[in-house]
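S.K.: Structure supplied as my_file-v2.txt; contents: compact mmCIF, C-alpha atoms and all ligand atoms.
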```
# COMPACT_ATOMS: atom_id res chain seq x y z
CA MET O 1 -105.55 3.10 -19.67
CA ASP O 2 -105.95 -0.03 -17.62
CA VAL O 3 -105.26 1.39 -14.19
CA THR O 4 -104.68 -2.07 -12.73
CA ILE O 5 -101.58 -2.76 -14.82
CA SER O 6 -100.22 0.61 -15.89
CA ARG O 7 -98.79 1.90 -12.65
CA ALA O 8 -95.68 4.00 -12.15
CA ASP O 9 -92.62 2.32 -10.67
CA PRO O 10 -91.38 4.08 -7.49
CA ALA O 11 -87.87 2.64 -7.89
CA ARG O 12 -87.58 3.96 -11.43
CA VAL O 13 -88.85 7.38 -10.35
CA ALA O 14 -86.29 7.47 -7.51
CA ALA O 15 -83.47 6.43 -9.85
CA GLN O 16 -84.30 9.20 -12.33
CA LEU O 17 -84.35 11.78 -9.55
CA GLU O 18 -81.01 10.49 -8.30
CA GLY O 19 -79.54 10.79 -11.81
CA PHE O 20 -80.58 14.44 -12.12
CA ALA O 21 -79.39 15.20 -8.57
CA ARG O 22 -75.87 14.18 -9.60
CA LEU O 23 -75.82 17.06 -12.11
CA SER O 24 -74.85 19.69 -9.57
CA GLU O 25 -72.16 22.34 -9.09
CA PRO O 26 -69.30 20.77 -7.17
CA GLY O 27 -69.11 22.05 -3.60
CA SER O 28 -69.31 21.08 0.00
CA SER O 29 -73.10 21.26 0.31
CA THR O 30 -75.40 18.26 0.30
CA GLY O 31 -77.88 20.14 -1.90
CA VAL O 32 -78.26 20.36 -5.67
CA THR O 33 -77.19 23.54 -7.48
CA ARG O 34 -78.12 23.70 -11.15
CA LEU O 35 -78.94 27.27 -12.01
CA ALA O 36 -80.87 28.66 -14.96
CA TYR O 37 -79.03 28.88 -18.27
CA THR O 38 -75.86 27.12 -17.15
CA PRO O 39 -74.05 24.18 -18.79
CA LEU O 40 -75.37 21.92 -16.00
CA GLU O 41 -78.96 22.87 -16.74
CA ARG O 42 -78.33 22.08 -20.41
CA GLU O 43 -76.79 18.74 -19.41
CA ALA O 44 -79.99 17.88 -17.52
CA HIS O 45 -82.02 18.80 -20.62
CA GLU O 46 -79.82 16.56 -22.75
CA ALA O 47 -80.36 13.66 -20.34
CA PHE O 48 -84.12 14.24 -20.56
CA ALA O 49 -83.94 14.44 -24.36
CA GLY O 50 -81.92 11.20 -24.57
CA THR O 51 -84.42 9.23 -22.49
CA MET O 52 -87.41 10.60 -24.35
CA HIS O 53 -85.79 9.80 -27.67
CA GLU O 54 -85.26 6.19 -26.48
CA LEU O 55 -88.95 6.09 -25.56
CA GLY O 56 -89.83 6.78 -29.18
CA CYS O 57 -90.60 10.50 -28.92
CA THR O 58 -89.62 13.19 -31.38
CA VAL O 59 -87.50 15.63 -29.38
CA TRP O 60 -86.51 19.25 -29.97
CA THR O 61 -85.24 22.26 -28.05
CA ASP O 62 -86.92 25.60 -28.61
CA GLN O 63 -85.37 29.08 -28.72
CA ALA O 64 -85.90 29.52 -24.96
CA GLY O 65 -84.01 26.33 -24.15
CA ASN O 66 -87.15 24.37 -23.30
CA THR O 67 -86.94 20.72 -24.37
CA ILE O 68 -90.08 19.21 -25.86
CA ALA O 69 -90.65 15.51 -26.59
CA GLU O 70 -93.70 14.48 -28.58
CA ARG O 71 -95.42 11.10 -28.57
CA SER O 72 -97.55 11.14 -31.68
CA GLY O 73 -101.31 10.81 -31.53
CA ASP O 74 -103.56 8.67 -33.71
CA GLU O 75 -105.71 11.47 -35.15
CA PRO O 76 -103.85 13.79 -37.47
CA GLY O 77 -104.19 17.53 -36.94
CA LEU O 78 -105.19 17.58 -33.28
CA PRO O 79 -103.47 19.98 -30.88
CA ALA O 80 -101.15 18.49 -28.25
CA LEU O 81 -101.83 17.65 -24.64
CA ALA O 82 -98.79 18.41 -22.55
CA THR O 83 -97.14 17.82 -19.21
CA GLY O 84 -93.82 18.78 -17.66
CA SER O 85 -92.00 21.08 -15.29
CA HIS O 86 -88.48 22.48 -14.89
CA LEU O 87 -84.96 21.10 -14.50
CA ASP O 88 -83.15 24.11 -13.01
CA THR O 89 -82.84 24.57 -9.24
CA VAL O 90 -82.22 27.27 -6.68
CA PRO O 91 -78.74 27.23 -5.09
CA ASP O 92 -78.41 24.38 -2.59
CA ALA O 93 -81.77 22.90 -3.51
CA GLY O 94 -83.42 19.55 -2.98
CA ARG O 95 -83.89 17.11 -5.84
CA PHE O 96 -87.67 17.35 -6.25
CA ASP O 97 -88.76 20.93 -7.01
CA GLY O 98 -89.47 20.91 -10.74
CA ILE O 99 -87.50 17.75 -11.39
CA ALA O 100 -90.33 15.61 -9.95
CA GLY O 101 -92.63 16.95 -12.68
CA VAL O 102 -90.11 16.21 -15.43
CA VAL O 103 -89.47 12.72 -14.04
CA ALA O 104 -93.25 12.25 -13.83
CA ALA O 105 -93.45 13.16 -17.52
CA MET O 106 -90.68 10.65 -18.32
CA GLU O 107 -92.37 7.92 -16.29
CA THR O 108 -95.71 8.68 -17.97
CA ALA O 109 -94.10 8.31 -21.39
CA ARG O 110 -92.51 5.06 -20.25
CA ILE O 111 -95.83 3.65 -19.01
CA TYR O 112 -97.50 4.55 -22.31
CA ALA O 113 -94.65 3.00 -24.30
CA GLU O 114 -94.45 -0.18 -22.20
CA HIS O 115 -98.18 -0.81 -22.40
CA GLY O 116 -98.59 0.34 -25.99
CA ILE O 117 -101.14 2.92 -24.89
CA ARG O 118 -102.59 4.97 -27.71
CA HIS O 119 -104.17 8.40 -27.67
CA ALA O 120 -105.79 10.57 -30.30
CA HIS O 121 -103.99 13.84 -29.47
CA PRO O 122 -100.21 14.05 -29.58
CA ILE O 123 -98.81 14.20 -26.04
CA ARG O 124 -95.85 16.49 -25.41
CA PHE O 125 -93.49 16.09 -22.46
CA VAL O 126 -91.80 19.36 -21.62
CA ALA O 127 -88.73 20.28 -19.58
CA PHE O 128 -88.88 24.05 -19.12
CA ALA O 129 -85.73 26.12 -18.82
CA ALA O 130 -85.00 28.72 -16.15
CA GLU O 131 -88.07 28.39 -13.94
CA GLU O 132 -86.38 29.47 -10.74
CA GLY O 133 -86.14 33.20 -10.09
CA ALA O 134 -83.10 32.64 -7.87
CA ARG O 135 -80.54 33.69 -10.48
CA PHE O 136 -82.23 36.56 -12.36
CA GLY O 137 -85.05 37.59 -10.00
CA GLN O 138 -87.65 36.59 -12.59
CA ALA O 139 -89.25 33.16 -12.27
CA CYS O 140 -90.48 30.95 -15.10
CA THR O 141 -88.45 32.47 -17.93
CA GLY O 142 -88.80 29.47 -20.28
CA SER O 143 -92.56 29.22 -19.79
CA ARG O 144 -92.97 33.01 -19.90
CA ILE O 145 -91.27 33.05 -23.29
CA VAL O 146 -93.56 30.42 -24.79
CA SER O 147 -96.56 32.24 -23.30
CA GLY O 148 -95.46 35.59 -24.76
CA LEU O 149 -94.96 37.08 -21.29
CA THR O 150 -91.28 37.94 -21.61
CA THR O 151 -89.91 40.18 -24.31
CA VAL O 152 -86.41 40.33 -25.73
CA ASP O 153 -85.94 43.62 -23.80
CA ASP O 154 -86.58 41.82 -20.50
CA LEU O 155 -83.83 39.37 -21.37
CA TYR O 156 -81.34 42.24 -21.54
CA GLY O 157 -82.75 43.98 -18.44
CA LYS O 158 -82.66 41.13 -15.92
CA ARG O 159 -79.22 40.43 -14.49
CA ASP O 160 -77.74 37.97 -12.04
CA ALA O 161 -75.54 38.87 -9.04
CA ASP O 162 -72.47 39.01 -11.31
CA GLY O 163 -74.18 41.43 -13.70
CA VAL O 164 -74.71 38.78 -16.41
CA SER O 165 -77.95 39.46 -18.29
CA LEU O 166 -80.44 36.72 -19.07
CA ALA O 167 -79.66 37.31 -22.74
CA ASP O 168 -75.92 36.77 -22.20
CA ALA O 169 -76.53 33.70 -20.05
CA MET O 170 -78.69 32.27 -22.85
CA ARG O 171 -75.97 33.00 -25.39
CA SER O 172 -73.37 31.34 -23.18
CA VAL O 173 -75.27 28.04 -23.49
CA GLY O 174 -75.78 28.32 -27.24
CA LEU O 175 -79.24 29.95 -27.36
CA ASP O 176 -80.02 33.05 -29.41
CA PRO O 177 -82.12 35.48 -27.32
CA SER O 178 -83.10 37.52 -30.39
CA THR O 179 -85.17 34.58 -31.68
CA VAL O 180 -87.28 33.81 -28.59
CA ALA O 181 -90.51 35.05 -30.18
CA GLU O 182 -90.36 31.95 -32.40
CA ALA O 183 -90.86 29.73 -29.34
CA ARG O 184 -94.43 31.02 -28.76
CA TRP O 185 -97.10 28.38 -28.17
CA THR O 186 -100.43 28.80 -29.91
CA PRO O 187 -103.78 27.27 -28.98
CA ASP O 188 -104.12 25.67 -32.41
CA GLU O 189 -101.03 23.58 -31.65
CA TRP O 190 -101.49 22.98 -27.89
CA ALA O 191 -104.73 21.88 -26.17
CA ALA O 192 -104.05 21.64 -22.42
CA PHE O 193 -101.16 21.36 -19.96
CA VAL O 194 -100.94 19.50 -16.63
CA GLU O 195 -97.91 19.95 -14.35
CA LEU O 196 -97.06 17.61 -11.49
CA HIS O 197 -95.09 19.29 -8.70
CA VAL O 198 -94.19 18.64 -5.09
CA GLU O 199 -96.46 20.66 -2.80
CA GLN O 200 -93.71 22.68 -1.04
CA GLY O 201 -96.10 23.04 1.90
CA ALA O 202 -97.31 20.66 4.60
CA VAL O 203 -101.05 20.53 3.94
CA LEU O 204 -101.26 17.18 2.13
CA GLU O 205 -98.93 15.45 4.56
CA SER O 206 -100.76 16.77 7.62
CA MET O 207 -104.16 15.81 6.18
CA GLY O 208 -102.92 12.39 5.00
CA THR O 209 -104.16 13.20 1.48
CA PRO O 210 -102.12 11.72 -1.39
CA VAL O 211 -103.02 14.19 -4.15
CA GLY O 212 -103.51 17.94 -4.35
CA ILE O 213 -105.25 19.60 -7.28
CA VAL O 214 -104.29 23.25 -7.57
CA GLU O 215 -107.00 25.86 -7.85
CA LEU O 216 -105.10 29.11 -7.50
CA ILE O 217 -101.39 29.94 -7.84
CA SER O 218 -99.96 32.82 -5.78
CA GLY O 219 -98.59 35.90 -7.44
CA SER O 220 -95.26 37.39 -6.47
CA THR O 221 -93.93 40.94 -6.31
CA ARG O 222 -90.15 41.15 -6.00
CA ILE O 223 -88.46 44.36 -4.92
CA LEU O 224 -84.85 45.39 -4.45
CA LEU O 225 -84.47 47.88 -1.59
CA GLU O 226 -81.12 49.70 -1.52
CA VAL O 227 -80.13 51.57 1.61
CA THR O 228 -77.39 54.17 1.43
CA GLY O 229 -75.82 55.29 4.69
CA ARG O 230 -72.29 56.41 5.45
CA ALA O 231 -69.33 54.04 5.75
CA SER O 232 -67.07 54.95 8.63
CA HIS O 233 -64.71 53.58 11.26
CA THR O 234 -66.38 51.23 13.77
CA GLY O 235 -64.11 52.41 16.57
CA GLY O 236 -63.78 56.08 15.74
CA THR O 237 -67.45 56.87 15.03
CA PRO O 238 -69.66 57.47 18.07
CA MET O 239 -73.01 55.73 18.01
CA HIS O 240 -75.03 58.93 17.64
CA LEU O 241 -73.10 60.06 14.54
CA ARG O 242 -73.69 57.00 12.44
CA ALA O 243 -75.73 56.40 9.29
CA ASP O 244 -75.53 52.61 9.44
CA ALA O 245 -77.08 51.07 6.32
CA LEU O 246 -76.97 47.56 7.73
CA ALA O 247 -78.71 48.49 10.97
CA ALA O 248 -81.47 50.12 8.92
CA ALA O 249 -81.65 47.02 6.73
CA ALA O 250 -81.97 44.82 9.81
CA GLU O 251 -84.95 46.89 10.90
CA ILE O 252 -86.46 46.54 7.41
CA VAL O 253 -86.15 42.73 7.61
CA LEU O 254 -88.23 42.75 10.78
CA LEU O 255 -90.62 45.32 9.33
CA VAL O 256 -91.31 43.02 6.35
CA GLU O 257 -91.99 40.13 8.70
CA SER O 258 -94.30 42.16 10.89
CA ILE O 259 -96.27 43.63 7.96
CA ALA O 260 -96.92 40.13 6.59
CA GLY O 261 -97.92 38.96 10.06
CA ASP O 262 -100.41 41.79 10.53
CA PRO O 263 -104.00 40.40 10.45
CA ARG O 264 -104.84 42.89 7.65
CA HIS O 265 -102.45 40.91 5.43
CA ARG O 266 -103.66 37.47 6.42
CA GLY O 267 -102.39 35.02 3.83
CA THR O 268 -99.58 37.21 2.57
CA ARG O 269 -96.07 35.79 2.67
CA ALA O 270 -93.31 38.38 2.63
CA THR O 271 -89.64 37.55 2.93
CA VAL O 272 -86.23 39.17 2.73
CA GLY O 273 -84.37 36.21 1.25
CA ARG O 274 -81.15 38.03 0.62
CA LEU O 275 -79.30 40.86 2.34
CA ASP O 276 -75.96 42.16 1.08
CA SER O 277 -73.93 44.90 2.69
CA ALA O 278 -70.87 46.85 1.67
CA PRO O 279 -68.03 47.18 2.25
CA GLY O 280 -68.64 44.03 4.30
CA THR O 281 -65.78 44.24 6.78
CA ILE O 282 -65.82 43.93 10.55
CA THR O 283 -64.13 47.29 11.10
CA THR O 284 -66.31 49.49 8.88
CA ILE O 285 -69.90 50.61 9.46
CA ALA O 286 -71.88 49.48 6.40
CA GLY O 287 -72.34 52.31 3.91
CA ARG O 288 -74.72 50.35 1.71
CA ALA O 289 -77.14 47.47 2.07
CA SER O 290 -79.37 45.72 -0.46
CA LEU O 291 -82.45 43.73 0.48
CA TYR O 292 -84.30 41.40 -1.87
CA VAL O 293 -87.94 41.24 -0.87
CA ASP O 294 -90.43 38.66 -2.19
CA VAL O 295 -94.14 39.26 -1.52
CA ARG O 296 -96.48 36.37 -2.37
CA ASP O 297 -100.24 36.21 -2.19
CA VAL O 298 -103.21 34.53 -3.83
CA ASP O 299 -105.03 37.89 -3.65
CA SER O 300 -103.56 40.26 -6.22
CA ASP O 301 -104.71 43.51 -4.52
CA ARG O 302 -103.33 42.40 -1.20
CA GLN O 303 -100.06 41.35 -2.88
CA ARG O 304 -99.50 44.79 -4.45
CA ASP O 305 -100.82 46.72 -1.43
CA THR O 306 -98.43 44.83 0.83
CA ALA O 307 -95.50 45.59 -1.47
CA SER O 308 -96.42 49.31 -1.52
CA GLU O 309 -96.79 49.38 2.26
CA ILE O 310 -93.37 47.77 2.71
CA ILE O 311 -91.75 50.42 0.50
CA ALA O 312 -93.57 53.34 2.20
CA ARG O 313 -92.79 52.19 5.72
CA ALA O 314 -89.18 51.31 4.87
CA GLU O 315 -88.77 54.85 3.50
CA ALA O 316 -90.11 56.34 6.74
CA LEU O 317 -87.80 54.10 8.76
CA CYS O 318 -84.79 55.16 6.68
CA THR O 319 -85.66 58.86 7.04
CA ARG O 320 -85.83 58.42 10.80
CA ARG O 321 -82.41 56.74 10.74
CA GLY O 322 -80.78 59.32 8.48
CA VAL O 323 -80.13 56.93 5.59
CA ARG O 324 -81.54 56.96 2.04
CA LEU O 325 -83.71 54.29 0.42
CA SER O 326 -84.33 53.49 -3.22
CA SER O 327 -86.58 50.73 -4.50
CA THR O 328 -86.59 48.83 -7.80
CA LEU O 329 -89.30 46.45 -8.97
CA LEU O 330 -87.53 43.25 -10.02
CA ALA O 331 -90.55 41.20 -11.07
CA ASP O 332 -94.30 41.27 -10.65
CA THR O 333 -96.53 38.30 -11.38
CA SER O 334 -100.26 38.11 -10.69
CA PRO O 335 -101.98 35.19 -8.99
CA VAL O 336 -103.64 32.82 -11.45
CA MET O 337 -106.89 30.84 -11.11
CA LEU O 338 -106.67 27.57 -13.03
CA PRO O 339 -109.69 26.36 -15.05
CA ALA O 340 -112.33 24.44 -13.12
CA TRP O 341 -113.11 21.93 -15.88
CA LEU O 342 -109.50 20.77 -15.95
CA ARG O 343 -109.42 20.43 -12.16
CA GLN O 344 -112.61 18.43 -12.44
CA ALA O 345 -111.07 16.09 -15.01
CA VAL O 346 -108.14 15.39 -12.67
CA ALA O 347 -110.50 14.99 -9.69
CA SER O 348 -112.60 12.43 -11.59
CA THR O 349 -109.42 10.55 -12.47
CA CYS O 350 -108.46 10.45 -8.77
CA ALA O 351 -111.89 9.00 -8.00
CA GLU O 352 -111.43 6.35 -10.71
CA LEU O 353 -108.08 5.42 -9.19
CA GLY O 354 -109.62 5.27 -5.71
CA LEU O 355 -107.48 8.17 -4.48
CA ASP O 356 -108.53 10.93 -2.16
CA HIS O 357 -107.66 14.47 -3.30
CA ARG O 358 -107.77 18.01 -2.01
CA ILE O 359 -108.39 21.19 -4.02
CA MET O 360 -105.81 23.70 -2.81
CA PRO O 361 -103.85 26.89 -3.56
CA SER O 362 -100.14 27.00 -4.38
CA GLY O 363 -97.88 29.40 -2.48
CA ALA O 364 -95.04 28.90 -4.97
CA SER O 365 -94.88 30.03 -8.59
CA HIS O 366 -95.02 27.46 -11.36
CA ASP O 367 -94.65 27.13 -15.12
CA ALA O 368 -98.37 26.20 -15.27
CA GLN O 369 -99.12 29.74 -14.07
CA MET O 370 -97.56 31.13 -17.26
CA ILE O 371 -98.77 28.42 -19.62
CA ASN O 372 -102.36 29.00 -18.49
CA ASN O 373 -102.17 32.33 -20.34
CA VAL O 374 -102.07 30.40 -23.61
CA ILE O 375 -103.76 27.08 -22.96
CA PRO O 376 -105.82 25.70 -20.07
CA SER O 377 -103.51 24.37 -17.39
CA GLY O 378 -103.83 22.23 -14.31
CA MET O 379 -101.53 21.12 -11.50
CA ILE O 380 -101.20 17.94 -9.47
CA PHE O 381 -99.46 18.24 -6.09
CA VAL O 382 -97.67 15.41 -4.31
CA PRO O 383 -97.04 15.61 -0.53
CA SER O 384 -93.78 17.17 0.66
CA ARG O 385 -92.27 15.95 3.92
CA ASP O 386 -92.63 18.66 6.59
CA GLY O 387 -93.48 21.09 3.79
CA ILE O 388 -89.79 21.87 3.26
CA SER O 389 -88.59 23.01 -0.15
CA HIS O 390 -85.77 25.08 -1.67
CA SER O 391 -83.52 23.18 0.74
CA PRO O 392 -81.46 19.98 0.61
CA GLU O 393 -83.98 18.59 3.11
CA GLU O 394 -86.79 18.68 0.56
CA TRP O 395 -88.28 15.18 0.31
CA SER O 396 -91.23 13.36 -1.22
CA SER O 397 -91.30 9.57 -1.07
CA PRO O 398 -90.91 7.60 -4.32
CA GLU O 399 -94.24 5.89 -3.55
CA ALA O 400 -96.02 9.24 -3.15
CA LEU O 401 -94.48 10.46 -6.39
CA ALA O 402 -95.46 7.26 -8.20
CA THR O 403 -99.05 7.78 -7.05
CA GLY O 404 -98.89 11.30 -8.51
CA VAL O 405 -97.58 9.87 -11.79
CA ASP O 406 -100.51 7.42 -11.89
CA VAL O 407 -102.89 10.37 -11.60
CA LEU O 408 -100.98 12.33 -14.25
CA ALA O 409 -100.77 9.45 -16.73
CA ALA O 410 -104.47 8.62 -16.35
CA SER O 411 -105.54 12.29 -16.38
CA LEU O 412 -103.84 12.98 -19.70
CA LEU O 413 -105.69 10.02 -21.21
CA ALA O 414 -108.95 11.24 -19.67
CA LEU O 415 -108.32 14.65 -21.23
CA ASP O 416 -107.53 12.96 -24.52
CA ARG O 417 -110.98 11.35 -24.49
CA LEU O 418 -112.76 14.45 -23.17
CA LEU O 419 -111.27 16.87 -25.69
CA LEU O 420 -112.02 14.49 -28.53
CA VAL O 421 -115.74 14.62 -27.87
CA ALA O 422 -115.83 18.21 -26.54
CA PRO O 423 -112.82 20.15 -27.84
CA GLU O 424 -114.25 23.53 -26.72
CA GLN O 425 -114.15 23.45 -22.94
CA PRO O 426 -115.42 26.59 -21.16
C1 LIG Z 501 -90.41 28.88 -7.61
O1 LIG Z 501 -89.86 27.92 -7.10
C2 LIG Z 501 -90.83 29.92 -6.74
O2 LIG Z 501 -89.94 30.64 -6.28
O3 LIG Z 501 -92.02 29.99 -6.42
MN MN Z 502 -90.72 24.44 -9.06
MN MN Z 503 -88.55 26.41 -6.86
```
Once more with this new file: its structure as structure tokens, please.

M.R.:
Amino acid sequence: MDVTISRADPARVAAQLEGFARLSEPGSSTGVTRLAYTPLEREAHEAFAGTMHELGCTVWTDQAGNTIAERSGDEPGLPALATGSHLDTVPDAGRFDGIAGVVAAMETARIYAEHGIRHAHPIRFVAFAAEEGARFGQACTGSRIVSGLTTVDDLYGKRDADGVSLADAMRSVGLDPSTVAEARWTPDEWAAFVELHVEQGAVLESMGTPVGIVELISGSTRILLEVTGRASHTGGTPMHLRADALAAAAEIVLLVESIAGDPRHRGTRATVGRLDSAPGTITTIAGRASLYVDVRDVDSDRQRDTASEIIARAEALCTRRGVRLSSTLLADTSPVMLPAWLRQAVASTCAELGLDHRIMPSGASHDAQMINNVIPSGMIFVPSRDGISHSPEEWSSPEALATGVDVLAASLLALDRLLLVAPEQP
């Protein structure tokens, strides 16, 4: 690719992001809400499919609801190179998490089409379904399915806050959960995958570095802690006779924070992102409370040890307070090290483009983490303003994103050349 002419257009990137941001649940918030396996998520996939079709790609949707657009290659029989990310969001999200990677894929396809760029391998542009764990607790459902990491049983077991299972949510948008095994990717059909994503941290911005290349993606252990106390009258019940589930839960929130902050857990991030209590009235002591705990780490032992310590110490705390605790594992994903040769290919591309880069870990989960189980995967990070994400304030400038697209578009072509001469990378 002639890097002097084939650059991404920041205005076009911004316009695509704006278009997807409009596909949001109506409400008073300024953020975007487009949850996994909802009609709005499907609408976003249709918009992606329409654009990719116009760009000359062959487009299809798999049994998991992932949308795949293929630009054919010149050499018959070669496996595909791929790029993409997700189109679903957390509730009240920004417009960049996931969507930036899909828009980057669209812009890459547009650059190739506009400049008549040819490649030997087919290149597939992928919009994954249901990446966010916000609705069902499990992240990366679409990419887990294609990687063989989610079974049909899981789809019946994971439920949203209204009790709707993943399987039923899939059915409600016209997908058949019993057929997901057919969506599996195989290495004879797919060669490598590169995902562009916003950093969701403040490292690149604070270092003034335009591009991050991800080395290691954090794992995540998600636990539901349910506290059972005794509901009773807030006026009639003396303080010493209470079994207040919400007070115990409040102490658990602080316990989680302090365990993660302990120097023994350096690097661990542990959060209670959701706390529900029942009956939830001002005049009744809470009889029940549910805490959703997310433990993230790039060190898998430390991740699991931290989760176990949280459960053990929360149990002791509940015993002391005269309430009961039960714990349920909602999801457990290991950290993933991405292949060095692929990082190197992206790093060399940055050098060719005259761009500085930084090799770095990812604190968030990503589709690339799952896809790497089947085919070698890499990730390109673009700076996030103030490191904010999963919030309407999430922001990456169109220029920064366009720079990331330049790296992505050129990296895929570099991989195309590399894998042609040396298809068996270590
Ligand atoms: C995905 O956004 C995650 O929760 O890491
Ligand atoms: Mn994401
Ligand atoms: Mn996210």

S.K.: Residues within 12 Å of (-82.5, 35.3, -13.1), file coordinates, counting all atoms listed in the file: what are they? Give the list as number ranges by chain.

M.R.: O: 35-38, 88-91, 129-142, 154-170, 222, 330-331

S.K.: Using all atoms listed in the file, find each protein or nucleic acid residue lying at most 8 Å from ligand MN 502 (chain Z); present the set as a PyMOL selection string.

M.R.: chain O and resi 85-86+89+97-99+131-132+197-198+364-367

S.K.: One decimal, Å: what's the distance from atom CA of O:Asp62 over to atom CA of O:Leu196, could you say?

M.R.: 21.4 Å

S.K.: Atom CA of O:Ala402 and atom CA of O:Ala340, how far apart in Å?

M.R.: 24.6 Å

S.K.: Within 10 Å of (-94.1, 15.9, -22.8) in the file's own coordinates, which protein, DNA or RNA residues have an atom, counting only C-alpha atoms? List them as a PyMOL selection string.

M.R.: chain O and resi 52+57+59+67-71+80-85+102+104-106+108-109+122-127+193-194

S.K.: Counting only C-alpha atoms and all ligand atoms, figure out which residue out of O:Trp395, O:Phe96, O:Tyr112, O:Trp341 gets nearest to ligand LIG 501 (chain Z).

M.R.: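 Comparing O:Trp395, O:Phe96, O:Tyr112, O:Trp341 against ligand LIG 501 (chain Z), the winner is O:Phe96.
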
S.K.: Using all atoms listed in the file for the distances, tell me which of O:Ala93, O:Leu342, O:Leu175, O:Leu224 is nearest to ligand LIG 501 (chain Z).

M.R.: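 Closest candidate: O:Ala93.
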
S.K.: Box time for ligand LIG 501 (chain Z): axis-aligned, enclosing all its listed atoms, 5 Å extra on each side; report centre and edge lengths in Å to one decimal, as lines of an AutoDock Vina configuration file.

M.R.:
```
center_x = -90.9
center_y = 29.3
center_z = -6.9
size_x = 12.2
size_y = 12.7
size_z = 11.3
```

S.K.: Could you check the closest approach to O:Val298 for each of O:Arg324, O:Arg269, O:Arg110, O:Arg313 and tell me which residue wins, using only C-alpha atoms?

M.R.: O:Arg269

S.K.: From the options O:Pro279, O:Gly19, O:Gly229, O:Pro263, which residue's atoms come nearest to O:Gly322, counting only C-alpha atoms?

M.R.: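 Selected residue with least distance to O:Gly322: O:Gly229.
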
S.K.: For atom CA of O:Glu18 and atom CA of O:Pro383, quote the distance in Å rounded to one decimal.

M.R.: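 These atoms are spaced 18.5 Å apart.
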
S.K.: Restricting the calculation to only C-alpha atoms, which member of O:Ala249, O:Leu216, O:Ala410, O:Ala191 is positioned closest to O:Ala422?

M.R.: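 Among the listed residues, the smallest separation from O:Ala422 belongs to O:Ala191.
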
S.K.: Choose the residue, out of O:Val146, O:Ala21, O:Leu87, O:Val203, that has the smallest atom-to-atom separation from O:His357; count only C-alpha atoms.

M.R.: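 Smallest separation from O:His357 among the options: O:Val203.
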
S.K.: Any idea what's packed within 6 Å of O:Ser24, counting all atoms listed in the file, ignoring anything in its chain fewer than 5 positions away? Could you give it as a VMD selection string?

M.R.: chain O and resid 32 to 34

S.K.: Could you save the residues just selected, with C-alpha atoms, as a PDB file, in the coordinates of the input?

M.R.:
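selection16.pdb, written as the output of this step:
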```
ATOM      1  CA  VAL O  32     -78.260  20.360  -5.670  1.00  0.00           C
ATOM      2  CA  THR O  33     -77.190  23.540  -7.480  1.00  0.00           C
ATOM      3  CA  ARG O  34     -78.120  23.700 -11.150  1.00  0.00           C
TER       4      ARG O  34
END
```

S.K.: Which residues are close to O:Arg242, i.e. within 9 Å by only C-alpha atoms, leaving aside same-chain residues fewer than 4 positions away? Reply as a list in words.

M.R.: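 Everything that qualifies: Gly229, Arg230, Ala231, Ser232, Thr237, Pro238, Ile285, Arg321 and Gly322 of chain O.
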